[in-house]
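The block underneath contains the structure these notes are about, expressed in structure tokens.
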Amino acid sequence: MSQWLNGVIERAQGVDDWLSPIRQQALAQLSQQSWPGRRTEAWRYTSLHPIADAQWAQSEPADAAVSTEQRQALSIEGLETIDIWFVDGQLQTDISQITLPSGLTMQSFAQADDQARAAAAQVFTQVKPPKHLFGLVNDVLANNGVIIDVAADAAVNTPVRIINLCSDGVESHNRVLVRLGERAQACVIEHGAGDGASLNTAYAEYQLGRDAKLEHYRFALHAKQAIHVGGCHFNMGESSRLNSTLVGYGSQLSRIDVDIQHTEQHAFAKFNNIYLLAEGEHFDLHSSIEHIVPNGTTEENARGIVGDNAKAVFNGRIHIHRDAQKTLAELNNRNLLLSRRGQINTKPELEIYADDVQCAHGATVAEIDDEALYYMLSRGIERSQALVMLNFGFIQELVDQMPNAALREWLQPKLQQRFAGMEVA
Amino acid sequence: MLTIKDLRASVEGKEILKGLNLDIKPGEVHAIMGPNGAGKSTLGYVLSGRDGYEVSGGQVELNGENVLEMEVEERAQAGLFLAFQYPVEIPGVSNMEFMKESVNAVRKERGEESLSAAEFLKKAKEACKQVNLPLDFLKRGVNEGFSGGEKKRNEIMQMILLEPSICILDESDSGLDVDALQVVANGVNSQRDGKRSFIVVTHYQRLLDYIEPDFVHILADGKIVKSGDASLAKEVEKTGYAWLSKAEEAGA
Ligand SMILES: Nc1ncnc2c1ncn2[C@@H]1O[C@H](COP(=O)(O)OP(=O)(O)OP(=O)(O)O)[C@@H](O)[C@H]1O
Ligand SMILES: [Mg+2]
């Protein structure tokens, strides 16, 4: 058992708000759970040791404000966004003061009116499956959150950016609930950051209505000591479209679970993941694609670079149910190991119960091509630059596929710089 | 300009260069010949600083600087260029991008400004023409799918663009048809300006018909065993290397 989890269950009794009836169910489920160990499949390659018996300060509403420096560090040049700031899980933006584009409603958990509560009820714990332990933790503790509701036929062009900043020594939990009405269009960016020894769980649930279109990004740029466990969960309405890019740095412990559920026909989901792990970092991505109905399409591409003594875990599950004929599902995972001491556990998991489907999957692990590197060095090209030129291309391809140009321009040098700073051993 | 003194080097614990001496002055062309496995390519790799080539003794100075202490890229930036016997293919990196990056890296070290994309393109096109490669070779991946002869010409193109002070050509003539041989030779000759020096590793006299060497050395068993003028190459062509073992016996 874990002292930390005991503490969570204890603290959960004190959370009392309009979501409490649903939280009670989650709490009941959480109390049934045992602490994952090495033999727990979902945590086989990721040790929860850094959390098990650890303690952090609990974030308090007054604790943190956003400094100008923090704002600048996380600003994205050339991109106009509607920014919602969470610092250590506490909402720092007075959403009621923002003039929102027409068709977009946004409210905090604390100030949610009846309409927002009704929207939330359709999303909260309705998209995210209960199997995620830390998801349940988030269910019972996240009393800070935001509800984003996009009306039918509304096309919201300005991206909503949810910034999740974590500081040293603090534990926090926050939640994002998004509902897109029929034919609605929106772009949501989840942008997490922090280096200090913090623990944050951040879960986001997306309910896509019929013909809705969601452009989604999750930048999990928590690094070094910041422990981050979270998830993004999507429910695909009929003929809805999802284009999602997830970018993760590694940290002491970084774990993200993604679920994409095709519960209505003709939906299309494109999901790209990039992970760049510097020395000693750990990143774990579990994605689970469920095709429950026929005629759905999923394309998933996960690509990562793993530094010295770093460890990447990729588990890509595709589950095609018996009725899900004519499903098209592709999953590909490519890795580059910078050192023999780096480690990658990649596992595509296919469960196919329908017979008329097209399904492809693959995983590769490459190492630095010493001869090519030497050739480039022998022409005077600096080592870090040569490494970028030789090995960044496969990451670059996914960056180039991001629909938003300003985000591409912001992200590309950031990733390139991170990679150039990694040691090859 | 380049002085090699008593150079000893080994690969995987096996000594290949066993006390090699060479002194090259500005503007000179030195041909190195010698039997297969003598250590000619090894010399090029050691001079360029390739990993896995362990230097166990001796000195190498380039324009007064200690080459052996430099990293691979620093040697290139200091003006050392090695045209490889077997150039490697790098799919995914365009020839153009690769050469622009290297030219600008070398220019930076020389205190010169980076070339703009347009400026570089102009130079690259000229160099491409000079070695008789179609311009679309600039767009292809580095050496990707190039024929043997095209790879050699691509090496010479890089040499022309990088303007090094010492060029080591490792069998740049092997596998070339007659016309290509002339292209390579002309490429080299166009770069002879009285200051730039060359080490030309070759098995055949025919290249030396076009690139006239000031000196010819025979490298055998990790050492220079004989040096002479251009006529030595002609002698080797006639007599081969059988005399080497006799000389060894005579010496022993
Ligand atoms: N990685 C290696 N491991 C073991 N031996 C090696 C290695 N690299 C080179 N050698 C050996 O070193 C010796 C010299 O090789 P080198 O390539 O320098 O010869 P060379 O004079 O260039 O020959 P050629 O005329 O055939 O090109 C050879 O006996 C070769 O087998
Ligand atoms: Mg050789």
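Residues in the structure tokens are numbered from 1 in each chain, the chains being A, B, ... in the order shown, and ligands are numbered from 1 in the order shown.
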Closest-contact table, chain A side, partner chain B, 12 Å, counting only C-alpha atoms, as a Markdown table:
| residue | atom | partner | partner_atom | distance |
| --- | --- | --- | --- | --- |
| A:Asp369 | CA | B:Ile90 | CA | 9.3 |
| A:Asp370 | CA | B:Asp51 | CA | 9.0 |
| A:Glu371 | CA | B:Val88 | CA | 7.1 |
| A:Ala372 | CA | B:Ile90 | CA | 6.2 |
| A:Leu373 | CA | B:Ile90 | CA | 9.3 |
| A:Tyr374 | CA | B:Arg50 | CA | 6.8 |
| A:Tyr375 | CA | B:Val88 | CA | 7.1 |
| A:Met376 | CA | B:Phe98 | CA | 7.8 |
| A:Leu377 | CA | B:Glu73 | CA | 4.6 |
| A:Ser378 | CA | B:Glu73 | CA | 5.4 |
| A:Arg379 | CA | B:Ser102 | CA | 5.5 |
| A:Gly380 | CA | B:Glu73 | CA | 4.2 |
| A:Ile381 | CA | B:Ser102 | CA | 5.0 |
| A:Glu382 | CA | B:Glu73 | CA | 6.2 |
| A:Arg383 | CA | B:Glu73 | CA | 7.5 |
| A:Ser384 | CA | B:Glu73 | CA | 10.9 |
| A:Gln385 | CA | B:Glu101 | CA | 8.7 |
| A:Ala386 | CA | B:Phe98 | CA | 9.0 |
| A:Leu387 | CA | B:Val93 | CA | 11.1 |
| A:Val388 | CA | B:Val93 | CA | 10.3 |
| A:Met389 | CA | B:Val93 | CA | 6.7 |
| A:Leu390 | CA | B:Val93 | CA | 6.6 |
| A:Asn391 | CA | B:Gly92 | CA | 8.9 |
| A:Phe392 | CA | B:Gly92 | CA | 9.8 |
| A:Gly393 | CA | B:Gly92 | CA | 7.1 |
| A:Phe394 | CA | B:Gly92 | CA | 9.0 |
| A:Gln396 | CA | B:Gly92 | CA | 11.4 |
| A:Glu397 | CA | B:Gly92 | CA | 11.2 |
Using only N, CA, C and O atoms, please write the residues we just selected to a file, as an mmCIF file, in the first residue's frame.
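Saved as out-v1.cif:
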data_model
loop_
_atom_site.group_PDB
_atom_site.id
_atom_site.type_symbol
_atom_site.label_atom_id
_atom_site.label_comp_id
_atom_site.auth_asym_id
_atom_site.auth_seq_id
_atom_site.Cartn_x
_atom_site.Cartn_y
_atom_site.Cartn_z
ATOM 1 N N ASP A 369 24.047 6.549 -36.225
ATOM 2 C CA ASP A 369 24.878 6.001 -37.287
ATOM 3 C C ASP A 369 26.255 6.657 -37.199
ATOM 4 O O ASP A 369 26.463 7.781 -37.632
ATOM 5 N N ASP A 370 27.196 5.935 -36.604
ATOM 6 C CA ASP A 370 28.517 6.512 -36.340
ATOM 7 C C ASP A 370 29.245 6.936 -37.608
ATOM 8 O O ASP A 370 29.944 7.934 -37.629
ATOM 9 N N GLU A 371 29.078 6.138 -38.656
ATOM 10 C CA GLU A 371 29.802 6.449 -39.892
ATOM 11 C C GLU A 371 29.301 7.729 -40.525
ATOM 12 O O GLU A 371 30.090 8.553 -40.996
ATOM 13 N N ALA A 372 27.980 7.870 -40.531
ATOM 14 C CA ALA A 372 27.403 9.084 -41.101
ATOM 15 C C ALA A 372 27.804 10.294 -40.259
ATOM 16 O O ALA A 372 28.133 11.358 -40.784
ATOM 17 N N LEU A 373 27.809 10.100 -38.950
ATOM 18 C CA LEU A 373 28.192 11.200 -38.058
ATOM 19 C C LEU A 373 29.640 11.616 -38.317
ATOM 20 O O LEU A 373 29.946 12.804 -38.453
ATOM 21 N N TYR A 374 30.519 10.630 -38.415
ATOM 22 C CA TYR A 374 31.932 10.917 -38.685
ATOM 23 C C TYR A 374 32.090 11.661 -40.008
ATOM 24 O O TYR A 374 32.848 12.625 -40.118
ATOM 25 N N TYR A 375 31.352 11.222 -40.990
ATOM 26 C CA TYR A 375 31.435 11.871 -42.305
ATOM 27 C C TYR A 375 31.073 13.349 -42.194
ATOM 28 O O TYR A 375 31.761 14.219 -42.736
ATOM 29 N N MET A 376 30.023 13.636 -41.446
ATOM 30 C CA MET A 376 29.606 15.025 -41.315
ATOM 31 C C MET A 376 30.619 15.836 -40.517
ATOM 32 O O MET A 376 30.934 16.973 -40.859
ATOM 33 N N LEU A 377 31.134 15.254 -39.449
ATOM 34 C CA LEU A 377 32.148 15.947 -38.646
ATOM 35 C C LEU A 377 33.379 16.240 -39.486
ATOM 36 O O LEU A 377 33.987 17.303 -39.389
ATOM 37 N N SER A 378 33.726 15.268 -40.341
ATOM 38 C CA SER A 378 34.944 15.415 -41.145
ATOM 39 C C SER A 378 34.797 16.537 -42.169
ATOM 40 O O SER A 378 35.755 16.905 -42.832
ATOM 41 N N ARG A 379 33.593 17.059 -42.292
ATOM 42 C CA ARG A 379 33.382 18.207 -43.169
ATOM 43 C C ARG A 379 33.224 19.490 -42.359
ATOM 44 O O ARG A 379 32.754 20.501 -42.875
ATOM 45 N N GLY A 380 33.558 19.408 -41.085
ATOM 46 C CA GLY A 380 33.593 20.619 -40.269
ATOM 47 C C GLY A 380 32.293 20.956 -39.565
ATOM 48 O O GLY A 380 32.211 21.931 -38.828
ATOM 49 N N ILE A 381 31.256 20.154 -39.781
ATOM 50 C CA ILE A 381 29.968 20.452 -39.147
ATOM 51 C C ILE A 381 30.059 20.136 -37.656
ATOM 52 O O ILE A 381 30.586 19.096 -37.269
ATOM 53 N N GLU A 382 29.581 21.066 -36.832
ATOM 54 C CA GLU A 382 29.652 20.865 -35.385
ATOM 55 C C GLU A 382 28.844 19.635 -34.994
ATOM 56 O O GLU A 382 27.785 19.358 -35.559
ATOM 57 N N ARG A 383 29.341 18.976 -33.979
ATOM 58 C CA ARG A 383 28.742 17.728 -33.530
ATOM 59 C C ARG A 383 27.240 17.834 -33.258
ATOM 60 O O ARG A 383 26.439 17.034 -33.738
ATOM 61 N N SER A 384 26.869 18.842 -32.486
ATOM 62 C CA SER A 384 25.454 18.953 -32.117
ATOM 63 C C SER A 384 24.606 19.192 -33.364
ATOM 64 O O SER A 384 23.519 18.637 -33.519
ATOM 65 N N GLN A 385 25.144 20.007 -34.255
ATOM 66 C CA GLN A 385 24.417 20.300 -35.492
ATOM 67 C C GLN A 385 24.307 19.045 -36.372
ATOM 68 O O GLN A 385 23.263 18.761 -36.952
ATOM 69 N N ALA A 386 25.411 18.293 -36.427
ATOM 70 C CA ALA A 386 25.410 17.073 -37.239
ATOM 71 C C ALA A 386 24.368 16.092 -36.704
ATOM 72 O O ALA A 386 23.631 15.464 -37.467
ATOM 73 N N LEU A 387 24.299 15.999 -35.391
ATOM 74 C CA LEU A 387 23.329 15.085 -34.794
ATOM 75 C C LEU A 387 21.910 15.509 -35.125
ATOM 76 O O LEU A 387 21.047 14.686 -35.418
ATOM 77 N N VAL A 388 21.684 16.806 -35.073
ATOM 78 C CA VAL A 388 20.356 17.312 -35.408
ATOM 79 C C VAL A 388 20.032 16.986 -36.868
ATOM 80 O O VAL A 388 18.962 16.474 -37.197
ATOM 81 N N MET A 389 21.005 17.256 -37.746
ATOM 82 C CA MET A 389 20.744 17.028 -39.175
ATOM 83 C C MET A 389 20.495 15.557 -39.464
ATOM 84 O O MET A 389 19.650 15.193 -40.276
ATOM 85 N N LEU A 390 21.235 14.705 -38.798
ATOM 86 C CA LEU A 390 21.118 13.278 -39.060
ATOM 87 C C LEU A 390 19.871 12.667 -38.455
ATOM 88 O O LEU A 390 19.259 11.770 -39.021
ATOM 89 N N ASN A 391 19.521 13.142 -37.284
ATOM 90 C CA ASN A 391 18.549 12.386 -36.503
ATOM 91 C C ASN A 391 17.285 13.129 -36.149
ATOM 92 O O ASN A 391 16.411 12.580 -35.512
ATOM 93 N N PHE A 392 17.208 14.387 -36.526
ATOM 94 C CA PHE A 392 16.028 15.129 -36.113
ATOM 95 C C PHE A 392 14.917 15.022 -37.145
ATOM 96 O O PHE A 392 13.760 15.309 -36.841
ATOM 97 N N GLY A 393 15.285 14.599 -38.346
ATOM 98 C CA GLY A 393 14.317 14.560 -39.435
ATOM 99 C C GLY A 393 13.035 13.827 -39.117
ATOM 100 O O GLY A 393 11.948 14.283 -39.451
ATOM 101 N N PHE A 394 13.137 12.699 -38.462
ATOM 102 C CA PHE A 394 11.925 11.901 -38.221
ATOM 103 C C PHE A 394 11.033 12.555 -37.168
ATOM 104 O O PHE A 394 9.819 12.327 -37.147
ATOM 105 N N GLN A 396 11.095 15.982 -36.899
ATOM 106 C CA GLN A 396 10.681 17.150 -37.681
ATOM 107 C C GLN A 396 9.425 16.856 -38.504
ATOM 108 O O GLN A 396 8.533 17.692 -38.599
ATOM 109 N N GLU A 397 9.385 15.659 -39.059
ATOM 110 C CA GLU A 397 8.221 15.290 -39.875
ATOM 111 C C GLU A 397 6.915 15.436 -39.106
ATOM 112 O O GLU A 397 5.915 15.893 -39.636
#
Show me which residues sit within 8 Å of ligand 2 when counting only C-alpha atoms and all ligand atoms, and put them as a short mmCIF file (atom, residue, chain, number, x, y, z; two decimals) with all heavy atoms, in the first residue's frame.
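So the final result, stored in out08.cif, reads:
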data_model
loop_
_atom_site.label_atom_id
_atom_site.label_comp_id
_atom_site.auth_asym_id
_atom_site.auth_seq_id
_atom_site.Cartn_x
_atom_site.Cartn_y
_atom_site.Cartn_z
N ASN B 36 47.87 -3.23 -50.99
CA ASN B 36 46.62 -3.29 -50.23
C ASN B 36 46.94 -3.61 -48.77
O ASN B 36 47.79 -4.45 -48.48
CB ASN B 36 45.70 -4.40 -50.77
CG ASN B 36 45.21 -4.10 -52.17
OD1 ASN B 36 45.19 -4.96 -53.04
ND2 ASN B 36 44.81 -2.87 -52.42
N GLY B 37 46.23 -2.92 -47.90
CA GLY B 37 46.40 -3.22 -46.48
C GLY B 37 47.63 -2.59 -45.84
O GLY B 37 47.95 -2.86 -44.69
N GLY B 39 48.11 0.52 -45.05
CA GLY B 39 47.79 1.54 -44.05
C GLY B 39 47.52 2.91 -44.64
O GLY B 39 47.48 3.91 -43.93
N LYS B 40 47.31 2.97 -45.96
CA LYS B 40 47.10 4.26 -46.62
C LYS B 40 45.80 4.92 -46.16
O LYS B 40 45.79 6.09 -45.78
CB LYS B 40 47.09 4.07 -48.14
CG LYS B 40 48.36 3.41 -48.69
CD LYS B 40 48.32 3.25 -50.19
CE LYS B 40 47.23 2.31 -50.69
NZ LYS B 40 47.36 0.91 -50.22
N SER B 41 44.71 4.16 -46.19
CA SER B 41 43.44 4.72 -45.73
C SER B 41 43.51 5.03 -44.24
O SER B 41 42.98 6.04 -43.76
CB SER B 41 42.29 3.76 -45.99
OG SER B 41 42.09 3.61 -47.38
N THR B 42 44.17 4.15 -43.52
CA THR B 42 44.33 4.37 -42.08
C THR B 42 44.99 5.72 -41.82
O THR B 42 44.57 6.46 -40.91
CB THR B 42 45.17 3.23 -41.47
OG1 THR B 42 44.52 1.99 -41.74
CG2 THR B 42 45.34 3.42 -39.97
N GLN B 85 37.75 7.00 -49.62
CA GLN B 85 37.79 5.90 -50.58
C GLN B 85 36.38 5.35 -50.77
O GLN B 85 35.98 5.04 -51.88
CB GLN B 85 38.73 4.80 -50.05
CG GLN B 85 38.93 3.65 -51.01
CD GLN B 85 39.98 2.64 -50.51
OE1 GLN B 85 40.61 2.84 -49.47
NE2 GLN B 85 40.17 1.57 -51.27
N ASP B 170 41.84 9.83 -51.06
CA ASP B 170 42.07 8.40 -50.90
C ASP B 170 41.44 7.66 -52.07
O ASP B 170 40.24 7.46 -52.12
CB ASP B 170 41.47 7.93 -49.57
CG ASP B 170 41.91 6.50 -49.22
OD1 ASP B 170 42.65 5.89 -50.02
OD2 ASP B 170 41.51 6.01 -48.15
N GLU B 171 42.28 7.26 -52.99
CA GLU B 171 41.83 6.53 -54.19
C GLU B 171 40.65 7.20 -54.87
O GLU B 171 39.66 6.55 -55.20
CB GLU B 171 41.49 5.07 -53.83
CG GLU B 171 42.71 4.32 -53.35
CD GLU B 171 42.52 2.80 -53.39
OE1 GLU B 171 41.72 2.32 -54.21
OE2 GLU B 171 43.19 2.11 -52.62
#
Can you work out which one of B:Asp214, B:Asp173, B:Glu28, B:Glu61 has the shortest atom-to-atom distance to ligand 1, counting only C-alpha atoms and all ligand atoms?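 Of B:Asp214, B:Asp173, B:Glu28, B:Glu61, the one nearest ligand 1 is B:Asp173, counting only C-alpha atoms and all ligand atoms.
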Write as an MDAnalysis selection string the residues around ligand 1, taking 12 Å as the cut-off and counting only C-alpha atoms and all ligand atoms. chainID B and resid 9:18 32:47 50:54 84:86 169:174 200:204 218:224
Requested write-out: N, CA and C atoms of the selected residues, as a short mmCIF file (atom, residue, chain, number, x, y, z; two decimals), in the first residue's frame:
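Contents of out-v2.cif, freshly written:
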data_model
loop_
_atom_site.label_atom_id
_atom_site.label_comp_id
_atom_site.auth_asym_id
_atom_site.auth_seq_id
_atom_site.Cartn_x
_atom_site.Cartn_y
_atom_site.Cartn_z
N ALA B 9 49.87 4.25 -34.98
CA ALA B 9 48.44 4.16 -34.67
C ALA B 9 47.96 2.74 -34.81
N SER B 10 46.95 2.40 -34.02
CA SER B 10 46.42 1.05 -34.11
C SER B 10 44.89 1.06 -34.18
N VAL B 11 44.37 -0.02 -34.73
CA VAL B 11 42.93 -0.24 -34.81
C VAL B 11 42.63 -1.53 -34.09
N GLU B 12 41.71 -1.48 -33.17
CA GLU B 12 41.34 -2.67 -32.40
C GLU B 12 42.57 -3.42 -31.91
N GLY B 13 43.48 -2.65 -31.33
CA GLY B 13 44.65 -3.27 -30.71
C GLY B 13 45.75 -3.70 -31.68
N LYS B 14 45.48 -3.54 -32.98
CA LYS B 14 46.48 -3.98 -33.96
C LYS B 14 47.20 -2.75 -34.52
N GLU B 15 48.52 -2.74 -34.41
CA GLU B 15 49.25 -1.57 -34.89
C GLU B 15 49.30 -1.57 -36.42
N ILE B 16 48.82 -0.46 -37.02
CA ILE B 16 48.78 -0.37 -38.48
C ILE B 16 49.84 0.62 -38.97
N LEU B 17 49.89 1.77 -38.35
CA LEU B 17 50.95 2.74 -38.70
C LEU B 17 52.09 2.56 -37.70
N LYS B 18 53.28 2.38 -38.28
CA LYS B 18 54.38 1.95 -37.41
C LYS B 18 55.57 2.89 -37.49
N ILE B 32 50.94 8.94 -52.64
CA ILE B 32 51.29 7.78 -51.81
C ILE B 32 50.75 6.53 -52.50
N MET B 33 51.65 5.60 -52.70
CA MET B 33 51.26 4.33 -53.29
C MET B 33 51.64 3.23 -52.31
N GLY B 34 51.21 2.04 -52.58
CA GLY B 34 51.58 0.96 -51.68
C GLY B 34 50.57 -0.17 -51.76
N PRO B 35 51.00 -1.34 -51.33
CA PRO B 35 50.14 -2.52 -51.45
C PRO B 35 48.85 -2.42 -50.63
N ASN B 36 47.87 -3.23 -50.99
CA ASN B 36 46.62 -3.29 -50.23
C ASN B 36 46.94 -3.61 -48.77
N GLY B 37 46.23 -2.92 -47.90
CA GLY B 37 46.40 -3.22 -46.48
C GLY B 37 47.63 -2.59 -45.84
N ALA B 38 48.33 -1.73 -46.59
CA ALA B 38 49.56 -1.14 -46.08
C ALA B 38 49.29 -0.11 -44.98
N GLY B 39 48.11 0.52 -45.05
CA GLY B 39 47.79 1.54 -44.05
C GLY B 39 47.52 2.91 -44.64
N LYS B 40 47.31 2.97 -45.96
CA LYS B 40 47.10 4.26 -46.62
C LYS B 40 45.80 4.92 -46.16
N SER B 41 44.71 4.16 -46.19
CA SER B 41 43.44 4.72 -45.73
C SER B 41 43.51 5.03 -44.24
N THR B 42 44.17 4.15 -43.52
CA THR B 42 44.33 4.37 -42.08
C THR B 42 44.99 5.72 -41.82
N LEU B 43 45.99 6.05 -42.61
CA LEU B 43 46.66 7.34 -42.44
C LEU B 43 45.64 8.48 -42.57
N GLY B 44 44.80 8.39 -43.60
CA GLY B 44 43.78 9.42 -43.79
C GLY B 44 42.83 9.51 -42.59
N TYR B 45 42.39 8.34 -42.10
CA TYR B 45 41.46 8.32 -40.97
C TYR B 45 42.12 8.90 -39.71
N VAL B 46 43.36 8.51 -39.49
CA VAL B 46 44.06 9.00 -38.30
C VAL B 46 44.23 10.52 -38.39
N LEU B 47 44.60 11.00 -39.57
CA LEU B 47 44.77 12.45 -39.72
C LEU B 47 43.45 13.18 -39.52
N ARG B 50 39.33 10.05 -36.87
CA ARG B 50 38.23 9.11 -36.75
C ARG B 50 38.31 8.29 -35.46
N ASP B 51 37.14 8.09 -34.85
CA ASP B 51 37.02 7.26 -33.63
C ASP B 51 37.52 5.86 -33.91
N GLY B 52 38.17 5.26 -32.92
CA GLY B 52 38.59 3.89 -33.07
C GLY B 52 40.01 3.76 -33.60
N TYR B 53 40.56 4.87 -34.05
CA TYR B 53 41.96 4.86 -34.51
C TYR B 53 42.82 5.47 -33.42
N GLU B 54 43.49 4.59 -32.71
CA GLU B 54 44.22 4.97 -31.51
C GLU B 54 45.64 5.41 -31.87
N PHE B 84 37.05 10.51 -49.25
CA PHE B 84 37.03 9.12 -48.80
C PHE B 84 37.12 8.12 -49.95
N GLN B 85 37.75 7.00 -49.62
CA GLN B 85 37.79 5.90 -50.58
C GLN B 85 36.38 5.35 -50.77
N TYR B 86 35.64 5.27 -49.67
CA TYR B 86 34.25 4.80 -49.73
C TYR B 86 33.32 5.79 -49.03
N LEU B 169 43.40 12.76 -50.77
CA LEU B 169 42.48 12.07 -51.68
C LEU B 169 42.79 10.58 -51.62
N ASP B 170 41.84 9.83 -51.06
CA ASP B 170 42.07 8.40 -50.90
C ASP B 170 41.44 7.66 -52.07
N GLU B 171 42.28 7.26 -52.99
CA GLU B 171 41.83 6.53 -54.19
C GLU B 171 40.65 7.20 -54.87
N SER B 172 40.77 8.51 -55.06
CA SER B 172 39.69 9.22 -55.74
C SER B 172 39.59 8.81 -57.19
N ASP B 173 40.56 8.06 -57.68
CA ASP B 173 40.56 7.64 -59.08
C ASP B 173 40.01 6.24 -59.28
N SER B 174 39.84 5.49 -58.18
CA SER B 174 39.43 4.10 -58.42
C SER B 174 37.95 4.05 -58.80
N VAL B 200 47.88 12.49 -52.44
CA VAL B 200 47.06 11.72 -53.38
C VAL B 200 47.39 10.24 -53.22
N VAL B 201 46.44 9.50 -52.65
CA VAL B 201 46.65 8.06 -52.49
C VAL B 201 46.11 7.38 -53.74
N THR B 202 46.94 6.60 -54.39
CA THR B 202 46.48 5.93 -55.60
C THR B 202 47.25 4.64 -55.85
N HIS B 203 46.64 3.77 -56.62
CA HIS B 203 47.33 2.55 -57.01
C HIS B 203 47.91 2.65 -58.42
N TYR B 204 47.46 3.69 -59.14
CA TYR B 204 47.81 3.70 -60.56
C TYR B 204 48.51 4.97 -61.01
N ILE B 218 56.27 5.40 -51.19
CA ILE B 218 55.72 4.06 -51.09
C ILE B 218 55.47 3.76 -49.63
N LEU B 219 54.20 3.47 -49.33
CA LEU B 219 53.83 3.13 -47.95
C LEU B 219 53.66 1.62 -47.89
N ALA B 220 54.42 0.99 -47.02
CA ALA B 220 54.27 -0.45 -46.86
C ALA B 220 54.42 -0.79 -45.39
N ASP B 221 53.51 -1.66 -44.95
CA ASP B 221 53.52 -2.10 -43.56
C ASP B 221 53.64 -0.93 -42.57
N GLY B 222 52.85 0.11 -42.83
CA GLY B 222 52.73 1.19 -41.85
C GLY B 222 53.84 2.22 -41.85
N LYS B 223 54.71 2.16 -42.87
CA LYS B 223 55.81 3.12 -42.92
C LYS B 223 56.03 3.57 -44.36
N ILE B 224 56.65 4.76 -44.50
CA ILE B 224 57.11 5.16 -45.82
C ILE B 224 58.45 4.45 -46.03
#
Got a sec: who's within 7 Å of region 223-240 of chain A, counting only C-alpha atoms, leaving out chain neighbours fewer than 2 positions off, as a PyMOL selection string? chain A and resi 127-128+134+194-213+221+242+249-268+281
Nearest to Thr3 (chain B) among B:Gly27, B:Gly64, B:Pro134, B:Gly57, with distances taken over only C-alpha atoms: which residue is it?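 Checking each candidate against Thr3 (chain B), we get B:Gly64 as the closest.
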Write out as a ChimeraX atom specification each polymer residue whose atoms come within 8 Å of region 181-187 of chain B, counting only C-alpha atoms; drop sequence neighbours fewer than 4 positions from it. /B:130-132,152-153,156-157,160,172-173,176-177,191,207,210-211
Looking at B:Cys167, B:Ala31, B:Val55, B:Val60, which one is nearest to Arg196 (chain B), with distances taken over only C-alpha atoms?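 Ranked by minimum distance to Arg196 (chain B), first place goes to B:Cys167.
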Could you work out how far CA of Thr346 (chain A) lies from CA of Asn333 (chain A), giving the answer in Å with one decimal? 7.7 Å
Could you pull out the helix (DSSP H, G or I) residues of region 84-121 of chain B from DSSP and send them as a list in words?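 So the helix (DSSP H, G or I) residues in region 84-121 of chain B would be Asn95, Met96, Glu97, Phe98, Met99, Lys100, Glu101, Ser102, Val103, Asn104, Ala105, Val106, Arg107, Lys108, Glu109, Ala117, Ala118, Glu119, Phe120 and Leu121 of chain B.
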Closest-contact table, region 39-76 of chain A side, partner region 171-183 of chain A, 7 Å, counting only C-alpha atoms, as JSON lines:
{"residue": "A:Trp56", "atom": "CA", "partner": "A:Glu171", "partner_atom": "CA", "distance": 5.4}
{"residue": "A:Ala57", "atom": "CA", "partner": "A:Glu171", "partner_atom": "CA", "distance": 5.9}
{"residue": "A:Gln58", "atom": "CA", "partner": "A:Glu171", "partner_atom": "CA", "distance": 5.3}
{"residue": "A:Ser59", "atom": "CA", "partner": "A:Ser172", "partner_atom": "CA", "distance": 6.0}
DSSP-assigned strand (DSSP E) members of region 271-370 of chain A, reported as an NGL selection string: :A and (271-277 or 282-291 or 297-306 or 311-320 or 328-337 or 343-352 or 358-367)
Give me, as JSON, numbers by chain, all polymer residues having an atom no more than 8 Å from Ala324 (chain A), counting only C-alpha atoms and skipping those fewer than 4 positions away in the same chain. {"A": [291, 292, 293, 294, 295, 296, 320, 354, 357]}
Which value, in Å to one decimal, gives the distance between CA of Thr239 (chain B) and CA of Ser197 (chain B)?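 CA of Ser197 (chain B) lies 28.3 Å from CA of Thr239 (chain B).
Residues surrounding Gly37 (chain A) within 8 Å are A:Trp43, A:Arg44, A:Ser47, A:Leu48 [only C-alpha atoms; sequence separation below 6 positions excluded].
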Would you save the residues from that selection as a compact mmCIF listing (two decimals), in the first residue's frame, using N, CA, C and O atoms?
# COMPACT_ATOMS: atom_id res chain seq x y z
N TRP A 43 1.77 -0.65 -15.25
CA TRP A 43 2.91 0.05 -14.64
C TRP A 43 4.16 -0.80 -14.65
O TRP A 43 5.08 -0.58 -13.86
N ARG A 44 4.20 -1.73 -15.54
CA ARG A 44 5.28 -2.69 -15.56
C ARG A 44 6.66 -2.06 -15.72
O ARG A 44 7.63 -2.50 -15.13
N SER A 47 8.20 2.68 -12.56
CA SER A 47 8.10 2.49 -11.13
C SER A 47 7.44 3.70 -10.48
O SER A 47 7.77 4.84 -10.78
N LEU A 48 6.51 3.42 -9.58
CA LEU A 48 5.85 4.50 -8.86
C LEU A 48 6.55 4.82 -7.55
O LEU A 48 6.02 5.54 -6.71
Between CA of Ala230 (chain B) and CA of Leu208 (chain B), what is the distance in Å, rounded to a tenth? 8.0 Å
